[in-house]
Amino acid sequence: MTLRQRLRRAVAGAAVLAAGAAQAETYADGIDGREMSALVSAALAEAGLAGRPAVAAARRFPGCGHRPRVSPRDGDWRTVEIACDRPRPWRRSLRSRADAAPRATSGAAPAPPAGAPVVVLAESLRRGTVLTEAHLETEPAPPGVDPTAVRDPARVAGRRLAVAVGAGRTLLARHLAPDWLVEADAPVVIAFDAGGVQVAVPGTALGPGRRGDLVEVRNAASGRTVRGRVTGRNAIEVVPKLR
C-alpha cells in the first residue's frame, strides 16, 4: 500500500470514528422522546414494519454509551424492548403501534409460494439458543406463510434466537437476534497500522457490533480502550487519526 493510500485510508477512518464518537456522546447525555421515536421507527423499518411509536416528546431516557438496541418483546414488534449495556445497563419497554404484519415494499422478498421449502424447528428451543443444523428441518410452506419465513437452514445456523420457539414452528426473521459479529465481553483481534506495518493484538469487546459498526475494545496488552470498526467475526480494525 502506498503512502497516499495509507493517508486516504487514515483520513476516512478518522472521519468515521469522529462521527461514531459524536453519536455516542449524544446518547450519553440522555435520550429524549423524539430521539427514542426515531430509534424505534428505524428498527421497525429495518424489520419491514410501519409503526407510530407512542413516546411523548418530553419523556427522557437514561444516557447510553452506544446506540441502544431495539428488539421485539417476545417476538412481537407491537411492543419493543430498548436495551443499553453501558455505562450502566438498563432496559425499557415501549408500545410501537407496529402493524401486525410486515408491510410490502418494492425491495421486499415475496412470500414463499405454497409448497416451497421453509425452515421449521426440530425441537422446542429457549430464547438465546444458538441454532445448529441439528435444530433445523425443512417442510413445504403452508398457504399464507409469513413473508419473512426463513428458507435456507445454512443461512441461520450459528444465529441466536431472540425468543423461545416451539417444535414444528416455522422460523421467521423476527425470531432471530441481531447477527452480531462481535459480542460484548468477548475476545477479539484488534488490527491497526503501526507505521506502515499491520499489527494484530488480542483484546476484549466492550459492546456488541455488526459488520461496519463502531465498538469500543480494550487492548489486552496495554489496557487502553480504543474504538474500532467491526470487519469480521471477532475482528476489529482501528485506524489512527492523522496528527
# chains A, B, ... in the order shown; residues from 1 in each chain; ligands from 1
>>> select_by_dssp(residues="segment 24-171 of chain A", states="helix (DSSP H, G or I)", output="VMD selection string")
chain A and resid 24 to 28 33 to 46 133 to 135 153 to 155
>>> residues_around(residues="Ser222 of chain A", least_positions_apart="3", cutoff="10 Å", atoms="only C-alpha atoms", output="list in words")
Val201, Gly203, Arg218, Asn219 and Thr225 of chain A
>>> write_last_selection(atoms="N, CA, C and O atoms", output="short mmCIF file (atom, residue, chain, number, x, y, z; two decimals), in the first residue's frame")
data_model
loop_
_atom_site.label_atom_id
_atom_site.label_comp_id
_atom_site.auth_asym_id
_atom_site.auth_seq_id
_atom_site.Cartn_x
_atom_site.Cartn_y
_atom_site.Cartn_z
N VAL A 201 -3.32 -7.48 17.82
CA VAL A 201 -3.16 -7.77 19.25
C VAL A 201 -4.49 -8.27 19.81
O VAL A 201 -5.55 -7.95 19.27
N GLY A 203 -7.67 -8.51 22.41
CA GLY A 203 -8.42 -7.54 23.21
C GLY A 203 -9.77 -8.09 23.60
O GLY A 203 -10.09 -9.26 23.33
N ARG A 218 -10.99 -3.12 24.53
CA ARG A 218 -9.88 -2.92 25.45
C ARG A 218 -8.68 -3.74 24.98
O ARG A 218 -8.77 -4.95 24.78
N ASN A 219 -7.56 -3.06 24.76
CA ASN A 219 -6.33 -3.72 24.35
C ASN A 219 -5.79 -4.54 25.52
O ASN A 219 -5.52 -3.99 26.60
N THR A 225 -8.45 1.61 26.19
CA THR A 225 -9.71 1.42 25.47
C THR A 225 -9.66 2.25 24.18
O THR A 225 -9.34 3.44 24.22
#
>>> closest_residue(among="A:Glu46, A:Ile236, A:Arg88, A:Val163", to="Asp76 of chain A", atoms="only C-alpha atoms")
A:Val163
>>> closest_residue(among="A:Ala157, A:Ala205, A:Ala57, A:Val70", to="Ala45 of chain A", atoms="only C-alpha atoms")
A:Val70
>>> closest_residue(among="A:Arg169, A:Arg95, A:Arg52, A:Arg155", to="Ser124 of chain A", atoms="only C-alpha atoms")
A:Arg169
>>> closest_residue(among="A:Ala177, A:Val119, A:Ala220, A:Val197", to="Val150 of chain A", atoms="only C-alpha atoms")
A:Val119
>>> residues_around(residues="Thr129 of chain A", least_positions_apart="5", cutoff="10 Å", atoms="only C-alpha atoms", output="mmCIF file with all heavy atoms, in the first residue's frame")
data_model
loop_
_atom_site.group_PDB
_atom_site.id
_atom_site.type_symbol
_atom_site.label_atom_id
_atom_site.label_comp_id
_atom_site.auth_asym_id
_atom_site.auth_seq_id
_atom_site.Cartn_x
_atom_site.Cartn_y
_atom_site.Cartn_z
ATOM 1 N N HIS A 135 -30.890 -28.491 14.782
ATOM 2 C CA HIS A 135 -32.147 -27.888 15.264
ATOM 3 C C HIS A 135 -33.131 -27.611 14.130
ATOM 4 O O HIS A 135 -34.299 -27.318 14.395
ATOM 5 C CB HIS A 135 -31.866 -26.552 15.962
ATOM 6 C CG HIS A 135 -31.065 -26.667 17.217
ATOM 7 N ND1 HIS A 135 -30.082 -25.760 17.559
ATOM 8 C CD2 HIS A 135 -31.104 -27.586 18.218
ATOM 9 C CE1 HIS A 135 -29.560 -26.104 18.718
ATOM 10 N NE2 HIS A 135 -30.159 -27.201 19.135
ATOM 11 N N GLY A 158 -25.902 -20.943 13.485
ATOM 12 C CA GLY A 158 -24.989 -20.058 14.195
ATOM 13 C C GLY A 158 -25.644 -18.803 14.728
ATOM 14 O O GLY A 158 -25.050 -18.096 15.545
ATOM 15 N N ARG A 159 -26.866 -18.502 14.267
ATOM 16 C CA ARG A 159 -27.600 -17.342 14.784
ATOM 17 C C ARG A 159 -28.242 -17.698 16.127
ATOM 18 O O ARG A 159 -28.494 -18.860 16.434
ATOM 19 C CB ARG A 159 -28.679 -16.908 13.787
ATOM 20 C CG ARG A 159 -28.142 -16.407 12.452
ATOM 21 C CD ARG A 159 -27.584 -15.002 12.539
ATOM 22 N NE ARG A 159 -28.576 -14.034 12.946
ATOM 23 C CZ ARG A 159 -29.384 -13.406 12.110
ATOM 24 N NH1 ARG A 159 -29.337 -13.664 10.811
ATOM 25 N NH2 ARG A 159 -30.244 -12.508 12.558
ATOM 26 N N ARG A 160 -28.564 -16.669 16.899
ATOM 27 C CA ARG A 160 -29.149 -16.851 18.224
ATOM 28 C C ARG A 160 -30.634 -16.482 18.194
ATOM 29 O O ARG A 160 -31.026 -15.522 17.528
ATOM 30 C CB ARG A 160 -28.408 -15.972 19.230
ATOM 31 C CG ARG A 160 -28.700 -16.281 20.689
ATOM 32 C CD ARG A 160 -27.921 -15.320 21.578
ATOM 33 N NE ARG A 160 -26.489 -15.430 21.389
ATOM 34 C CZ ARG A 160 -25.703 -16.298 22.012
ATOM 35 N NH1 ARG A 160 -26.242 -17.149 22.887
ATOM 36 N NH2 ARG A 160 -24.414 -16.332 21.782
ATOM 37 N N LEU A 161 -31.452 -17.253 18.918
ATOM 38 C CA LEU A 161 -32.886 -16.966 18.978
ATOM 39 C C LEU A 161 -33.153 -15.770 19.888
ATOM 40 O O LEU A 161 -32.622 -15.690 20.998
ATOM 41 C CB LEU A 161 -33.654 -18.176 19.493
ATOM 42 C CG LEU A 161 -33.828 -19.362 18.539
ATOM 43 C CD1 LEU A 161 -34.562 -20.500 19.245
ATOM 44 C CD2 LEU A 161 -34.595 -18.945 17.285
ATOM 45 N N ALA A 162 -33.997 -14.856 19.415
ATOM 46 C CA ALA A 162 -34.401 -13.708 20.227
ATOM 47 C C ALA A 162 -35.553 -14.060 21.154
ATOM 48 O O ALA A 162 -35.787 -13.366 22.147
ATOM 49 C CB ALA A 162 -34.803 -12.542 19.325
ATOM 50 N N VAL A 163 -36.279 -15.125 20.835
ATOM 51 C CA VAL A 163 -37.438 -15.555 21.621
ATOM 52 C C VAL A 163 -37.462 -17.080 21.649
ATOM 53 O O VAL A 163 -36.776 -17.752 20.880
ATOM 54 C CB VAL A 163 -38.764 -15.049 20.998
ATOM 55 C CG1 VAL A 163 -38.829 -13.543 21.037
ATOM 56 C CG2 VAL A 163 -38.906 -15.552 19.574
ATOM 57 N N ALA A 164 -38.250 -17.631 22.549
ATOM 58 C CA ALA A 164 -38.454 -19.080 22.571
ATOM 59 C C ALA A 164 -39.357 -19.469 21.397
ATOM 60 O O ALA A 164 -40.337 -18.777 21.105
ATOM 61 C CB ALA A 164 -39.082 -19.508 23.888
ATOM 62 N N VAL A 165 -39.034 -20.568 20.736
ATOM 63 C CA VAL A 165 -39.812 -21.026 19.589
ATOM 64 C C VAL A 165 -40.085 -22.515 19.762
ATOM 65 O O VAL A 165 -39.178 -23.291 20.088
ATOM 66 C CB VAL A 165 -39.066 -20.783 18.255
ATOM 67 C CG1 VAL A 165 -39.939 -21.191 17.072
ATOM 68 C CG2 VAL A 165 -38.672 -19.312 18.120
ATOM 69 N N LEU A 176 -35.112 -14.221 15.258
ATOM 70 C CA LEU A 176 -33.653 -14.245 15.344
ATOM 71 C C LEU A 176 -33.115 -12.961 15.964
ATOM 72 O O LEU A 176 -33.570 -11.871 15.652
ATOM 73 C CB LEU A 176 -33.042 -14.425 13.954
ATOM 74 C CG LEU A 176 -33.464 -15.705 13.216
ATOM 75 C CD1 LEU A 176 -32.997 -15.644 11.764
ATOM 76 C CD2 LEU A 176 -32.910 -16.945 13.904
ATOM 77 N N ALA A 177 -32.136 -13.124 16.846
ATOM 78 C CA ALA A 177 -31.444 -11.969 17.412
ATOM 79 C C ALA A 177 -30.536 -11.359 16.345
ATOM 80 O O ALA A 177 -30.213 -12.006 15.349
ATOM 81 C CB ALA A 177 -30.625 -12.406 18.629
#
